[in-house]
Structure formats: C-alpha cells, structure tokens
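For reference, the structure discussed in these notes is given below.
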There are 2 protein chains.
Amino acid sequence: MFSKACEYGIRAAVYVALQSLEGRRVSVNEIAEEIDSPVAFTAKILQQLTRSKVIHSVKGPTGGFEIERTDMDTVKLSMIVHAIDGDNIYVGCGLGLKECNAKKPCPLHDKFVAIRTDLKKMLESTSLYELATGLEVGLTYLKR
Amino acid sequence: MFSKACEYGIRAAVYVALQSLEGRRVSVNEIAEEIDSPVAFTAKILQQLTRSKVIHSVKGPTGGFEIERTDMDTVKLSMIVHAIDGDNIYVGCGLGLKECNAKKPCPLHDKFVAIRTDLKKMLESTSLYELATGLEVGLTYLKR
DNA sequence: TATAATTCGGACAAAATTATCCTTTATTTT
DNA sequence: AAAATAAAGGATAATTTTGTCCGAATTATA
Ligand code: FES
Ligand code: FES
C-alpha cells in the first residue's frame with residue numbers, strides 16, 4: 001500500500017507528535033529506536049518531512065524534531081503520504097495503465113475508484129493529533 | 001497497491017479470458033502486445049498463473065493460453081493477487097509493523113482495516129468473467 | 001521423422017527502493 | 001574562541017523488483 005519510506009515517515013511523525021505533546025524535542029536516534037527503523041534511512045525521511053513542513057527541525061545541541069500543537073491538527077496523513085510517495089495513490093490506475101482515466105477506464109476502474117476514494121477520504125481526514133493520542137493512552141503501538 | 005507483476009498478471013488474465021470467450025487460444029507474444037507489457041516478464045507471470053491454475057497452457061504449435069468458460073466465474077481477482085503478490089495485502093500492517101494485529105494495533109489499524117476489508121471483499125467478489133465482459137463490449141481497455 | 005512453434009525454466013542484467021557512511025553546516029555550551 | 005551536539009546532504013552499497021536472454025522440453029504439422 002505505502003512504501004517502506006512512507007511507513008517509517010508516518011510512524012516517525014506520530015512519534016514526534018506524541019513527544020511534542022509532552023514538550024520534548026526528539027533526535028533521529030531516539031525516533032529510529034522508538035519506531036524500530038534504520039537510523040540513517042529514517043534521517044533522510046525526516047529531512048523530507050521537514051522540507052515539506054510536516055514537522056520542524058532544530059540543529060545543534062538540544063536540537064531535534066518537533067511539531068507544534070496546532071499543526072498536529074492541520075497536518076493530515078494525506079500530506080505525509082504525498083510528501084513521500086507522491087500522488088501515485090491518487091492518480092494511478094489499479095491495473096497499471098498510464099493514468100487512471102474515466103474516459104478510457106481499465107476493467108477494474110469503477111470498483112477500484114470506489115476503494116481509492118474511501119482511502120483518500122480517510123487519509124485526508126486523519127490528523128497527526130488523532131494518531132498520537134491513541135498512543136498516549138497506551139492503546140496503540142509504533143513497534144512490536 | 002499491486003506490484004507491477006500483479007498488474008500485468010490481472011491484465012493478462014483478463015485478456016486470455018476475453019479471447020477464450022471467442023474460442024481463441026493466445027500466445028505470450030500476443031498477450032504482451034495487447035496489454036502493452038514486456039514480453040519475457042509477462043511470460044514469467046503467465047507461468048505463475050498457470051501453476052496456480054488461474055489459466056491453462058498448451059505447449060507446441062497452436063498452443064498458448066486459455067481459460068474455460070466456467071473457470072472465468074470461479075476465478076476471482078483475489079486468486080490472481082494472491083498467486084502473484086502473496087497475502088501481504090491481507091496480513092500486512094498499514095504502517096509496516098510485523099503483522100497486522102488487533103491485540104497490539106498500530107495507530108492506523110482501525111481505519112486501515114476498514115479500507116482493507118472493502119478491498120478484500122471487492123477482490124473476492126470480482127470474477128474474471130465480469131472483467132472480460134466490459135472489454136468485450138468496448139467499454140473498458142487493457143492498454144492506452 | 002524432421003521441422004517449426006510454443007511454453008518452461010534457469011541464469012543473468014537493469015532499475016528502483018531501501019539502507020549505510022561520512023563530511024559539512026548550524027547551534028549550544030563550556 | 002573552542003568543543004561538542006545534532007540535523008543536512010552527498011556518495012555509495014545492499015536488496016528487491018522488474019526485465020532480458022537463451023536453451024530445453026513439448027507437441028502439431030509436413
Ligand atoms: S483506469 Fe484503471 S483504475 Fe481508473
Ligand atoms: S496493526 Fe497496523 S494495520 Fe493492523
């Protein structure tokens with residue numbers, strides 16, 4: 001569904017949000033540790049998320065990654081997915097034709113679009129805050 | 001969503017079904033031509049589909065691939081996806097945790113499972129025949 | 001029986017994705 | 001000012017996926 005990079009990106013962003021709720025700024029090392037991901041690769045992904053304004057970074061000692069409380073509400077999953085995986089999930093055809101195109105649809109088009117629309121709605125309506133709060137109360141996990 | 005191999009596999013299977021409806025057996029070359037896919041790679045995928053009984057192959061002159069009319073109804077999209085991509089789509093966690101597990105869910109679990117269940121239902125209820133008939137009447141396309 | 005057409009299967013190659021390493025830059029603390 | 005800390009960025013490596021090539025096996029036809 002999502003690329004590995006995107007999976008790490010979402011987990012990382014949720015972890016940053018969770019810690020920011022506690023007022024803590026977190027390092028790449030801590031993030032990678034807590035979401036069980038390769039450190040250097042995670043660093044690259046955090047750079048992407050920083051460039052696309054999903055999270056905020058601070059260099060130097062006491063530096064790290066953080067996200068403001070208000071941004072946790074405005075940042076939706078769709079932004080993270082778009083920042084890392086691009087818009088394939090939105091414009092791609094389920095059977096791999098150049099683009100999904102209702103004028104010259106593939107045999108799966110109608111059924112595929114129905115599912116994709118739901119997915120899109122879900123991604124666009126799910127905020128980072130929402131995901132972080134489940135973690136906070138210990139209902140959900142970022143690693144196992 | 002699906003791997004390239006799986007996309008080719010579905011397109012190929014649908015084309016074989018369409019031609020079998022006309023009583024024609026088709027070669028790898030024709031299939032690859034008609035679904036606009038790399039020939040040799042498509043041949044590998046057709047082998048997988050043959051081994052998993054999705055389609056039937058005949059060697060030698062006048063040989064090729066075909067599928068019986070009754071099998072077009074029993075063969076569902078889910079079988080093709082499973083034959084090529086395995087069960088990742090069913091057991092995988094949306095955020096990349098080892099396995100999707102409701103006992104220790106990731107933050108996206110509930111929302112992800114909802115979408116995945118719909119996808120699963122769609123794949124399990126869509127037959128090859130259904131996909132082939134849209135093509136037959138010129139409503140849908142396997143290449144563009 | 002020889003030939004040609006076709007799938008099958010293994011080895012190999014290219015491209016994309018995932019992952020690591022190391023140097024540079026910014027910033028805080030001493 | 002120097003040292004230490006942390007992200008940024010570039011080069012490179014490993015792995016997976018995608019794709020190619022070619023000989024072997026099978027079978028219809030001449
Ligand atoms: S054309 Fe294939 S999904 Fe729309
Ligand atoms: S645990 Fe992540 S989707 Fe179920």
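Each chain of the structure tokens is named A, B, ... in the order shown, its residues numbered from 1; ligands are numbered from 1 in display order.
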
Please identify all polymer residues within 12 Å of range 53-60 of chain A, counting only C-alpha atoms (C1' of nucleotides), omitting same-chain residues fewer than 6 positions from it, and present them as an MDAnalysis selection string. (chainID A and resid 9:10 12:17 20 25:28 43 45:47 66:84 127:128) or (chainID C and resid 25:29) or (chainID D and resid 4:8)

Generate a file of the selected residues that holds C-alpha atoms (C1' of nucleotides), formatted as a PDB file, in the first residue's frame.
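The resulting selection-v2.pdb:
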```pdb
ATOM      1  CA  GLY A   9       7.617   8.548   7.798  1.00  0.00           C
ATOM      2  CA  ILE A  10       4.161   8.165   9.311  1.00  0.00           C
ATOM      3  CA  ALA A  12       8.171   8.908  12.842  1.00  0.00           C
ATOM      4  CA  ALA A  13       5.759  11.817  12.529  1.00  0.00           C
ATOM      5  CA  VAL A  14       3.369  10.241  15.008  1.00  0.00           C
ATOM      6  CA  TYR A  15       6.197   9.694  17.468  1.00  0.00           C
ATOM      7  CA  VAL A  16       7.404  13.277  17.101  1.00  0.00           C
ATOM      8  CA  ALA A  17       3.851  14.464  17.704  1.00  0.00           C
ATOM      9  CA  SER A  20       5.883  17.199  21.359  1.00  0.00           C
ATOM     10  CA  ARG A  25      12.123  17.587  21.212  1.00  0.00           C
ATOM     11  CA  VAL A  26      13.482  14.304  19.840  1.00  0.00           C
ATOM     12  CA  SER A  27      16.593  13.223  17.925  1.00  0.00           C
ATOM     13  CA  VAL A  28      16.813  10.951  14.878  1.00  0.00           C
ATOM     14  CA  ALA A  43      17.082  10.611   8.906  1.00  0.00           C
ATOM     15  CA  ILE A  45      12.797  10.679   5.579  1.00  0.00           C
ATOM     16  CA  LEU A  46      12.737  13.190   8.422  1.00  0.00           C
ATOM     17  CA  GLN A  47      14.511  15.615   6.103  1.00  0.00           C
ATOM     18  CA  GLU A  66       9.185  18.722  16.966  1.00  0.00           C
ATOM     19  CA  ILE A  67       5.730  19.742  15.811  1.00  0.00           C
ATOM     20  CA  GLU A  68       3.516  22.430  17.232  1.00  0.00           C
ATOM     21  CA  ARG A  69       0.240  21.508  18.871  1.00  0.00           C
ATOM     22  CA  THR A  70      -1.851  23.404  16.327  1.00  0.00           C
ATOM     23  CA  ASP A  71      -0.013  21.770  13.416  1.00  0.00           C
ATOM     24  CA  MET A  72      -0.912  18.339  14.743  1.00  0.00           C
ATOM     25  CA  ASP A  73      -4.491  19.157  13.799  1.00  0.00           C
ATOM     26  CA  THR A  74      -3.824  20.635  10.378  1.00  0.00           C
ATOM     27  CA  VAL A  75      -1.283  18.024   9.304  1.00  0.00           C
ATOM     28  CA  LYS A  76      -3.241  15.140   7.815  1.00  0.00           C
ATOM     29  CA  LEU A  77      -1.958  11.729   6.844  1.00  0.00           C
ATOM     30  CA  SER A  78      -2.507  12.644   3.222  1.00  0.00           C
ATOM     31  CA  MET A  79       0.205  15.315   3.459  1.00  0.00           C
ATOM     32  CA  ILE A  80       2.759  12.846   4.751  1.00  0.00           C
ATOM     33  CA  VAL A  81       1.892  10.268   2.119  1.00  0.00           C
ATOM     34  CA  HIS A  82       2.037  12.901  -0.583  1.00  0.00           C
ATOM     35  CA  ALA A  83       5.371  14.244   0.673  1.00  0.00           C
ATOM     36  CA  ILE A  84       6.978  10.813   0.492  1.00  0.00           C
ATOM     37  CA  SER A 127      -4.755  14.149  11.676  1.00  0.00           C
ATOM     38  CA  LEU A 128      -1.451  13.534  13.374  1.00  0.00           C
TER      39      LEU A 128
ATOM     40  C1'  DT C  25      26.705  23.133   8.480  1.00  0.00           C
ATOM     41  C1'  DA C  26      24.353  25.216  12.274  1.00  0.00           C
ATOM     42  C1'  DT C  27      23.969  25.994  17.094  1.00  0.00           C
ATOM     43  C1'  DT C  28      24.574  25.454  22.011  1.00  0.00           C
ATOM     44  C1'  DT C  29      27.611  25.035  25.883  1.00  0.00           C
TER      45       DT C  29
ATOM     46  C1'  DA D   4      30.527  19.227  21.443  1.00  0.00           C
ATOM     47  C1'  DT D   5      25.955  18.033  19.546  1.00  0.00           C
ATOM     48  C1'  DA D   6      22.600  17.459  16.226  1.00  0.00           C
ATOM     49  C1'  DA D   7      20.474  17.888  11.528  1.00  0.00           C
ATOM     50  C1'  DA D   8      21.630  18.324   6.334  1.00  0.00           C
TER      51       DA D   8
END
```

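Proximity to range 21-25 of chain D at 12 Å, evaluated using only C-alpha atoms (C1' of nucleotides) and with sequence-adjacent residues fewer than 4 positions away removed, yields B:Val39, B:Ala40, B:Phe41, B:Lys59, B:Gly60, C:DT6, C:DT7, C:DC8, C:DG9, C:DG10, C:DA11, C:DC12, C:DA13.
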
Considering only C-alpha atoms (C1' of nucleotides), return as a compact mmCIF listing (two decimals) with all heavy atoms, in the first residue's frame whatever protein or nucleic-acid residues lie within 10 Å of range 16-18 of chain C, sequence-local ones (same chain, fewer than 6 positions apart) excluded.
```
# COMPACT_ATOMS: atom_id res chain seq x y z
N SER A 3 4.92 2.83 0.59
CA SER A 3 6.31 2.39 0.54
C SER A 3 6.84 2.28 1.97
O SER A 3 6.25 2.82 2.91
CB SER A 3 7.15 3.39 -0.24
OG SER A 3 7.27 4.59 0.51
N LYS A 4 7.96 1.56 2.10
CA LYS A 4 8.60 1.45 3.41
C LYS A 4 8.93 2.84 3.94
O LYS A 4 8.70 3.15 5.11
CB LYS A 4 9.90 0.63 3.27
CG LYS A 4 10.06 -0.46 4.30
CD LYS A 4 9.25 -1.68 3.99
CE LYS A 4 9.36 -2.74 5.07
NZ LYS A 4 8.43 -2.48 6.20
N ALA A 5 9.48 3.67 3.06
CA ALA A 5 9.83 5.04 3.45
C ALA A 5 8.62 5.77 4.02
O ALA A 5 8.72 6.47 5.04
CB ALA A 5 10.37 5.79 2.24
N PRO A 38 15.61 1.81 10.52
CA PRO A 38 17.03 2.08 10.29
C PRO A 38 17.32 3.57 10.46
O PRO A 38 16.66 4.41 9.83
CB PRO A 38 17.28 1.61 8.86
CG PRO A 38 15.95 1.46 8.24
CD PRO A 38 14.96 1.24 9.33
N PHE A 41 18.38 5.87 7.30
CA PHE A 41 17.26 5.97 6.34
C PHE A 41 16.16 6.85 6.92
O PHE A 41 15.58 7.70 6.24
CB PHE A 41 16.74 4.57 6.03
CG PHE A 41 15.78 4.51 4.88
CD1 PHE A 41 16.06 5.15 3.69
CD2 PHE A 41 14.60 3.78 4.98
CE1 PHE A 41 15.18 5.09 2.61
CE2 PHE A 41 13.72 3.70 3.91
CZ PHE A 41 14.01 4.35 2.73
P DA D 14 27.85 -3.89 -0.35
OP1 DA D 14 28.67 -4.60 0.64
OP2 DA D 14 28.08 -4.06 -1.81
O5' DA D 14 26.33 -4.21 -0.04
C5' DA D 14 25.77 -3.80 1.22
C4' DA D 14 24.30 -4.13 1.22
O4' DA D 14 23.59 -3.16 0.41
C3' DA D 14 23.95 -5.51 0.67
O3' DA D 14 23.05 -6.08 1.58
C2' DA D 14 23.35 -5.20 -0.71
C1' DA D 14 22.73 -3.83 -0.49
N9 DA D 14 22.65 -2.96 -1.67
C8 DA D 14 23.63 -2.69 -2.58
N7 DA D 14 23.27 -1.84 -3.51
C5 DA D 14 21.95 -1.53 -3.18
C6 DA D 14 21.02 -0.68 -3.77
N6 DA D 14 21.25 0.05 -4.87
N1 DA D 14 19.79 -0.59 -3.19
C2 DA D 14 19.55 -1.32 -2.09
N3 DA D 14 20.37 -2.15 -1.45
C4 DA D 14 21.56 -2.21 -2.05
P DT D 15 22.44 -7.56 1.34
OP1 DT D 15 22.22 -8.20 2.64
OP2 DT D 15 23.24 -8.22 0.28
O5' DT D 15 21.00 -7.23 0.73
C5' DT D 15 20.15 -6.34 1.44
C4' DT D 15 18.90 -6.13 0.63
O4' DT D 15 19.20 -5.28 -0.51
C3' DT D 15 18.31 -7.41 0.04
O3' DT D 15 16.98 -7.47 0.53
C2' DT D 15 18.42 -7.22 -1.47
C1' DT D 15 18.43 -5.71 -1.60
N1 DT D 15 19.08 -5.12 -2.79
C2 DT D 15 18.39 -4.13 -3.48
O2 DT D 15 17.27 -3.77 -3.17
N3 DT D 15 19.06 -3.59 -4.53
C4 DT D 15 20.33 -3.91 -4.96
O4 DT D 15 20.83 -3.35 -5.92
C5 DT D 15 20.99 -4.95 -4.21
C7 DT D 15 22.37 -5.38 -4.60
C6 DT D 15 20.34 -5.50 -3.17
P DT D 16 15.99 -8.73 0.16
OP1 DT D 16 15.17 -9.05 1.34
OP2 DT D 16 16.81 -9.79 -0.50
O5' DT D 16 15.05 -8.08 -0.93
C5' DT D 16 14.44 -6.81 -0.63
C4' DT D 16 13.72 -6.31 -1.86
O4' DT D 16 14.67 -5.85 -2.84
C3' DT D 16 12.87 -7.37 -2.55
O3' DT D 16 11.59 -6.78 -2.69
C2' DT D 16 13.61 -7.64 -3.86
C1' DT D 16 14.27 -6.29 -4.12
N1 DT D 16 15.50 -6.24 -4.94
C2 DT D 16 15.58 -5.27 -5.92
O2 DT D 16 14.69 -4.48 -6.16
N3 DT D 16 16.77 -5.25 -6.62
C4 DT D 16 17.85 -6.09 -6.43
O4 DT D 16 18.85 -5.97 -7.12
C5 DT D 16 17.69 -7.09 -5.40
C7 DT D 16 18.82 -8.04 -5.12
C6 DT D 16 16.55 -7.11 -4.71
P DT D 17 10.31 -7.54 -3.37
OP1 DT D 17 9.11 -7.15 -2.61
OP2 DT D 17 10.66 -8.97 -3.57
O5' DT D 17 10.23 -6.86 -4.81
C5' DT D 17 10.24 -5.44 -4.90
C4' DT D 17 10.39 -5.05 -6.35
O4' DT D 17 11.74 -5.32 -6.80
C3' DT D 17 9.46 -5.82 -7.30
O3' DT D 17 8.73 -4.81 -7.99
C2' DT D 17 10.42 -6.63 -8.18
C1' DT D 17 11.69 -5.79 -8.12
N1 DT D 17 13.00 -6.47 -8.33
C2 DT D 17 13.89 -5.90 -9.23
O2 DT D 17 13.63 -4.90 -9.87
N3 DT D 17 15.09 -6.55 -9.33
C4 DT D 17 15.49 -7.69 -8.66
O4 DT D 17 16.59 -8.17 -8.85
C5 DT D 17 14.51 -8.23 -7.75
C7 DT D 17 14.85 -9.45 -6.96
C6 DT D 17 13.33 -7.60 -7.63
P DT D 18 7.64 -5.18 -9.12
OP1 DT D 18 6.67 -4.07 -9.17
OP2 DT D 18 7.21 -6.57 -8.97
O5' DT D 18 8.56 -5.06 -10.44
C5' DT D 18 9.17 -3.82 -10.74
C4' DT D 18 10.05 -3.97 -11.97
O4' DT D 18 11.16 -4.82 -11.68
C3' DT D 18 9.35 -4.59 -13.19
O3' DT D 18 9.45 -3.64 -14.24
C2' DT D 18 10.13 -5.87 -13.45
C1' DT D 18 11.47 -5.58 -12.83
N1 DT D 18 12.26 -6.74 -12.37
C2 DT D 18 13.56 -6.91 -12.81
O2 DT D 18 14.09 -6.15 -13.58
N3 DT D 18 14.19 -8.01 -12.31
C4 DT D 18 13.69 -8.95 -11.43
O4 DT D 18 14.37 -9.90 -11.05
C5 DT D 18 12.34 -8.72 -11.00
C7 DT D 18 11.68 -9.68 -10.04
C6 DT D 18 11.68 -7.64 -11.49
```

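Using only C-alpha atoms (C1' of nucleotides), the residues found no farther than 9 Å from Met122 in chain A, other than those of its own chain fewer than 3 positions away, are Leu77, Ser78, Thr117, Asp118, Leu119, Ser125 and Thr126 of chain A; Lys111, Phe112 and Ile115 of chain B.
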
Output N, CA and C atoms of each residue in that selection to a file, as a PDB file, in the first residue's frame.
```pdb
ATOM      1  N   LEU A  77      -2.712  12.851   7.381  1.00  0.00           N
ATOM      2  CA  LEU A  77      -1.958  11.729   6.844  1.00  0.00           C
ATOM      3  C   LEU A  77      -1.692  11.909   5.351  1.00  0.00           C
ATOM      4  N   SER A  78      -2.649  12.455   4.663  1.00  0.00           N
ATOM      5  CA  SER A  78      -2.507  12.644   3.222  1.00  0.00           C
ATOM      6  C   SER A  78      -1.282  13.488   2.875  1.00  0.00           C
ATOM      7  N   THR A 117     -11.302   6.135  -3.288  1.00  0.00           N
ATOM      8  CA  THR A 117     -11.973   7.319  -2.751  1.00  0.00           C
ATOM      9  C   THR A 117     -12.097   7.217  -1.235  1.00  0.00           C
ATOM     10  N   ASP A 118     -12.435   6.037  -0.767  1.00  0.00           N
ATOM     11  CA  ASP A 118     -12.515   5.838   0.681  1.00  0.00           C
ATOM     12  C   ASP A 118     -11.153   6.045   1.331  1.00  0.00           C
ATOM     13  N   LEU A 119     -10.142   5.488   0.706  1.00  0.00           N
ATOM     14  CA  LEU A 119      -8.787   5.626   1.239  1.00  0.00           C
ATOM     15  C   LEU A 119      -8.395   7.091   1.303  1.00  0.00           C
ATOM     16  N   SER A 125      -8.737  12.962   6.249  1.00  0.00           N
ATOM     17  CA  SER A 125      -9.482  13.349   7.456  1.00  0.00           C
ATOM     18  C   SER A 125      -8.777  12.910   8.740  1.00  0.00           C
ATOM     19  N   THR A 126      -7.673  12.180   8.589  1.00  0.00           N
ATOM     20  CA  THR A 126      -6.976  11.711   9.790  1.00  0.00           C
ATOM     21  C   THR A 126      -5.791  12.620  10.113  1.00  0.00           C
TER      22      THR A 126
ATOM     23  N   LYS B 111      -8.829   2.267  11.070  1.00  0.00           N
ATOM     24  CA  LYS B 111      -9.157   2.899   9.796  1.00  0.00           C
ATOM     25  C   LYS B 111      -8.594   2.125   8.614  1.00  0.00           C
ATOM     26  N   PHE B 112      -7.420   1.572   8.828  1.00  0.00           N
ATOM     27  CA  PHE B 112      -6.792   0.812   7.749  1.00  0.00           C
ATOM     28  C   PHE B 112      -7.553  -0.484   7.482  1.00  0.00           C
ATOM     29  N   ILE B 115     -10.699  -0.068   5.355  1.00  0.00           N
ATOM     30  CA  ILE B 115     -10.437   0.029   3.917  1.00  0.00           C
ATOM     31  C   ILE B 115     -10.043  -1.331   3.356  1.00  0.00           C
TER      32      ILE B 115
END
```

From the DSSP assignment of the backbone, select every residue of range 21-121 of chain B that is helix (DSSP H, G or I), and format the answer as a PyMOL selection string. chain B and resi 21+28-35+39-51+69-74+77-85+88-91+109-121

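Note that CA of Lys120 in chain B and atom 3 (S, counted along the ligand's line) of ligand 1 are 16.1 Å apart.
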